[in-house]
Amino acid sequence: MRYITSDLESLSFQSTNHQLIIIDHHWMIRSCNRAWQDGLHKLFLHTASRDNHYLHLMEAWAAQQKNLYPTKFAQYLRHNVVPFNKTHTYDISITTPHNEEKWFRVELTPLQEGLALESHLALVAHTDITEQKKTELQLRQALTEARTLYGLLPICAVCKHIKDDSDEWNTVEHYLEKHTSAEFTHDICPECIRRLYPKYSNILDKRN
């Protein structure tokens, strides 16, 4: 039984930048492309066992890195995906040996034969979406800051300090410098001059 039926399909499988593997319903890796060998497979061999079982590789590697994302993903696949009868898509987080967080979108697609509703083989594509996740994080942070500035701010009724998202109290100056591009220079208002320095209040009265 041939699942890559032409030289063109074989060339496409090997040439794509997506990291591709073909697994059977026992989760054994039956085939892979060069991108997988140069990418995640090399990472797995560096930190995990040399087993060719896809879920074992992921779980062993995750245990080494103390990263729960791949472990939970593997557990879900083991209990919910076989037999292969529909496409599943997930995002998983990976920490490299250099302590760099990388994100991959994993798409599992059954390799259907004819009109069969279930398949014994599936194509698993791993796409690096690290830059996309970083952009999403930056946007979420920007939105959080915008909500903080335009929403309700807890302010002390006595000293006028403001409570931030970390439940820490800051002066108004410190809070605004942290959340905006504003810089401060100090002056004193007429009301405070009259209250604190009454002997100079007549100067203010003359100006008015």
# chains A, B, ... in the order shown; residues from 1 in each chain; ligands from 1

$ residues_around --residues "His53 of chain A" --least-positions-apart "6" --cutoff "8 Å" --atoms "only C-alpha atoms" --output "ChimeraX atom specification"
/A:27-29

$ select_by_dssp --residues "segment 143-196 of chain A" --states "strand (DSSP E or B)" --output "list in words"
Ile155, Ile162, Lys163, Trp169 and Asn170 of chain A

$ closest_residue --among "A:Leu55, A:Leu11, A:Ile162, A:Val124" --to "Leu111 of chain A" --atoms "only C-alpha atoms"
A:Val124
